[in-house]
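Report on one structure; see the data block that follows.
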Amino acid sequence: MAPTPARYVLLSLPLSTFDTGDKQEALDSVKATITSDNGSVQPFPVPSFKIGTLDALVQQADDLAKLDTACEGVVGKVGDALRTLYEGDENKALEQKMVNDKPTDQYLRTFTWNKVRYRADRPVGEIVDILQKELATIDSDVKGKFNQYNGVKTNLATLQRKQTGNLATKSLTPIVNPSLLVTDSEYLETHLVAVPSNLKKDYLKSYETIAPMVVPRSSIQIAQDDEFVLFAVTTFKKHSAEFQQKCREQKWTPRQYKYVEGGKEEEQKELDRVTREEKKVWGEALRLTRTGWSESVMIWAHVMALRVFVESVLRYGLPLEFVSALVLTNSKLAKKVKTALDSSYSYLGGNAFGRDSRGRITKDDAALTSEMAAAGLGHGGEGNEYTAYVYYEFEL
């Protein structure tokens, strides 16, 4: 049974929401709000970055939203590639999903910003550009190697079918005795025809008359398997094309065959060569895809950290006093997490949320939702609904 993907919630809240303004107490308050039954809460430290103009921040929020979507796509494709390499075995693929030599969930739960690779004293726009280029490189490298592997795998499957398929598809080199074929005549030609076993009687009754100038009584049975019977039959060359077409109409399969001395040994050598190549390229694809997973998840985590920072600045303003947290949950409990957070922090949205006579949230304001979505804000979970606080949902 395939493991259930983990669902994560990434959020930030202004410290002014909490009595003491202490980050640890704020985290404890979030933990109490969500409760351990619905998910586990971990700190998600976000450094302070250089802040530009308001227009630049709004543009960066939009760029980061697009990059977030791109990251999700690349991570999904790399995950699919790992499953394909393990022929759909999700558990084996999961064993390879390490990030910086840690299981993916552990990397996210213990996330720290990579200050060496992405210096926090750079402008946000520069960091976004670096992350975009790195993601594009990973996507290209994994795609290229995986396409190479698929090509080799297809080639191997074709060669194996020639060795193990039925008489309508497999190689005839080890089956046909060349002495049975007319090869040195100016006028005559021998055809090999794979006939379905249930049509054998019909073939024997009619092969002489389906086309002109079929040599009478020339049909010889060469081989038989569970599905087909292979016959050799001789015709005049000038009617060969018509004979083959008539065979196809009768659902008999004409086989192309040309005797080559040493052909059987050459076919086996080619099969052995491609088998070795497939193993080699499989290993290369696995190593690159494993690296691709690590790198793409790491980039995605940094993109989300930047999104939290940019949107927190846009929402909560200066000074930069907010607490960010990661909630590990699952698809069934994610809605409960969101409901619990809304119950405690929806007031941060001011008039963005309508309330009934008891003060309960009824529906968010559609106009404000549209405006926030246009600015690249409030995209979290399913759909693009506006939330009263910074909130993102993602699955790995």
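Chain labels A, B, ... are given in the sequence in which chains occur in the structure tokens; within each chain residues are numbered consecutively from 1, and ligands are likewise numbered from 1 in the order shown.
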Excluding Leu188 of chain A and residues on its chain fewer than 5 positions from it, collect all residues at most 10 Å away from it, counting only C-alpha atoms, and give them as a ChimeraX atom specification.
-> /A:182-183,213-215,234-240
Pull the closest atom pair for each residue of segment 93-117 of chain A that gets at most 9 Å from segment 326-331 of chain A, along with the distance in Å to one decimal, counting only C-alpha atoms, ordering rows by chain and then ascending residue number, as a tab-separated table.
```
residue	atom	partner	partner_atom	distance
A:Asp105	CA	A:Leu328	CA	8.4
A:Leu108	CA	A:Leu326	CA	8.1
A:Arg109	CA	A:Leu326	CA	7.2
```
Find the residues near Leu82 of chain A: any atom within 12 Å, counting only C-alpha atoms, skip ones fewer than 3 places away on the same chain, and give them as an NGL selection string.
-> :A and (75-79 or 85-98 or 142-143 or 146 or 282-283 or 285-293)
Output C-alpha atoms for every residue in that selection, as a PDB file, in the first residue's frame.
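Result file is part.pdb:
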```
ATOM      1  CA  VAL A  75       9.130  18.348  -7.518  1.00  0.00           C
ATOM      2  CA  GLY A  76       6.091  16.450  -8.830  1.00  0.00           C
ATOM      3  CA  LYS A  77       7.904  15.438 -12.038  1.00  0.00           C
ATOM      4  CA  VAL A  78      11.004  14.311 -10.135  1.00  0.00           C
ATOM      5  CA  GLY A  79       8.810  12.259  -7.787  1.00  0.00           C
ATOM      6  CA  LEU A  85      12.545   4.027 -12.064  1.00  0.00           C
ATOM      7  CA  TYR A  86      11.212   1.692  -9.365  1.00  0.00           C
ATOM      8  CA  GLU A  87       8.352   0.513 -11.616  1.00  0.00           C
ATOM      9  CA  GLY A  88       5.658   2.156  -9.499  1.00  0.00           C
ATOM     10  CA  ASP A  89       6.949   0.988  -6.106  1.00  0.00           C
ATOM     11  CA  GLU A  90       6.154   4.052  -3.971  1.00  0.00           C
ATOM     12  CA  ASN A  91       7.929   2.687  -0.877  1.00  0.00           C
ATOM     13  CA  LYS A  92      11.229   2.209  -2.716  1.00  0.00           C
ATOM     14  CA  ALA A  93      10.883   5.648  -4.282  1.00  0.00           C
ATOM     15  CA  LEU A  94      10.235   7.120  -0.834  1.00  0.00           C
ATOM     16  CA  GLU A  95      13.544   5.709   0.421  1.00  0.00           C
ATOM     17  CA  GLN A  96      15.320   7.888  -2.159  1.00  0.00           C
ATOM     18  CA  LYS A  97      13.472  11.091  -1.254  1.00  0.00           C
ATOM     19  CA  MET A  98      16.205  12.589   0.882  1.00  0.00           C
ATOM     20  CA  VAL A 142      16.560  15.366 -14.820  1.00  0.00           C
ATOM     21  CA  LYS A 143      14.386  15.531 -17.930  1.00  0.00           C
ATOM     22  CA  PHE A 146      15.253  10.459 -17.848  1.00  0.00           C
ATOM     23  CA  TRP A 282      19.277   3.392 -14.858  1.00  0.00           C
ATOM     24  CA  GLY A 283      21.932   3.965 -12.186  1.00  0.00           C
ATOM     25  CA  ALA A 285      19.149   8.344 -13.848  1.00  0.00           C
ATOM     26  CA  LEU A 286      18.577   7.252 -10.252  1.00  0.00           C
ATOM     27  CA  ARG A 287      21.541   9.263  -8.962  1.00  0.00           C
ATOM     28  CA  LEU A 288      20.532  12.373 -10.897  1.00  0.00           C
ATOM     29  CA  THR A 289      16.853  12.049  -9.973  1.00  0.00           C
ATOM     30  CA  ARG A 290      17.738  11.546  -6.306  1.00  0.00           C
ATOM     31  CA  THR A 291      19.863  14.702  -6.471  1.00  0.00           C
ATOM     32  CA  GLY A 292      17.047  16.427  -8.355  1.00  0.00           C
ATOM     33  CA  TRP A 293      14.618  15.635  -5.546  1.00  0.00           C
TER      34      TRP A 293
END
```
Would you mind telling me which residue in A:Pro196, A:Gly263, A:Pro5, A:Pro45 lies nearest to Leu230 of chain A when using only C-alpha atoms?
->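 Nearest to Leu230 of chain A: A:Pro196.
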So which residues touch segment 267-281 of chain A within 9 Å, counting only C-alpha atoms, skipping near sequence neighbours fewer than 6 positions away, as a PyMOL selection string?
-> chain A and resi 145-146+148-149+152-153+155-156+159-160+163+171+173
Save the residues we just selected, N, CA and C atoms, as a tab-separated table (two decimals), in the first residue's frame?
```tsv
chain	number	residue	atom	x	y	z
A	145	LYS	N	18.24	13.28	-18.71
A	145	LYS	CA	18.71	11.94	-18.33
A	145	LYS	C	17.57	10.93	-18.35
A	146	PHE	N	16.39	11.38	-17.88
A	146	PHE	CA	15.25	10.46	-17.85
A	146	PHE	C	14.80	10.11	-19.26
A	148	GLN	N	16.80	9.96	-21.82
A	148	GLN	CA	17.82	9.01	-22.28
A	148	GLN	C	17.52	7.61	-21.76
A	149	TYR	N	17.17	7.51	-20.48
A	149	TYR	CA	16.85	6.21	-19.91
A	149	TYR	C	15.64	5.58	-20.59
A	152	VAL	N	16.68	4.08	-23.94
A	152	VAL	CA	17.41	2.82	-23.80
A	152	VAL	C	16.46	1.70	-23.35
A	153	LYS	N	15.55	2.03	-22.44
A	153	LYS	CA	14.59	1.05	-21.94
A	153	LYS	C	13.68	0.55	-23.06
A	155	ASN	N	14.41	0.57	-26.26
A	155	ASN	CA	15.25	-0.23	-27.15
A	155	ASN	C	15.43	-1.64	-26.61
A	156	LEU	N	15.67	-1.74	-25.29
A	156	LEU	CA	15.83	-3.06	-24.67
A	156	LEU	C	14.55	-3.87	-24.75
A	159	LEU	N	14.21	-5.33	-28.19
A	159	LEU	CA	15.10	-6.48	-28.39
A	159	LEU	C	14.61	-7.71	-27.62
A	160	GLN	N	14.09	-7.49	-26.42
A	160	GLN	CA	13.60	-8.62	-25.63
A	160	GLN	C	12.36	-9.24	-26.26
A	163	GLN	N	13.25	-11.65	-28.74
A	163	GLN	CA	13.73	-12.93	-28.18
A	163	GLN	C	12.60	-13.75	-27.57
A	171	SER	N	12.25	-12.39	-33.24
A	171	SER	CA	13.26	-12.57	-34.28
A	171	SER	C	13.20	-13.99	-34.83
A	173	THR	N	15.64	-15.19	-36.70
A	173	THR	CA	17.01	-15.62	-37.00
A	173	THR	C	17.34	-17.00	-36.41
```
Coordinates-based distance that separates atom CA of Ala81 of chain A from atom CA of Val308 of chain A (Å, one decimal) |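 Those two atoms sit 29.5 Å apart.
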Segment 16-19 of chain A surroundings by only C-alpha atoms, 12 Å radius, close-in-sequence under 6 positions cut, as a PyMOL selection string | chain A and resi 25-30+316-323+344-348+389
Please give the complete set of residues from segment 123-188 of chain A that DSSP, run on the backbone, assigns to alpha helix (DSSP H), formatted as a count of residues only.
-> 41
Point-to-point distance in Å for atom CA of Lys205 of chain A and atom CA of Asn166 of chain A = 23.5 Å
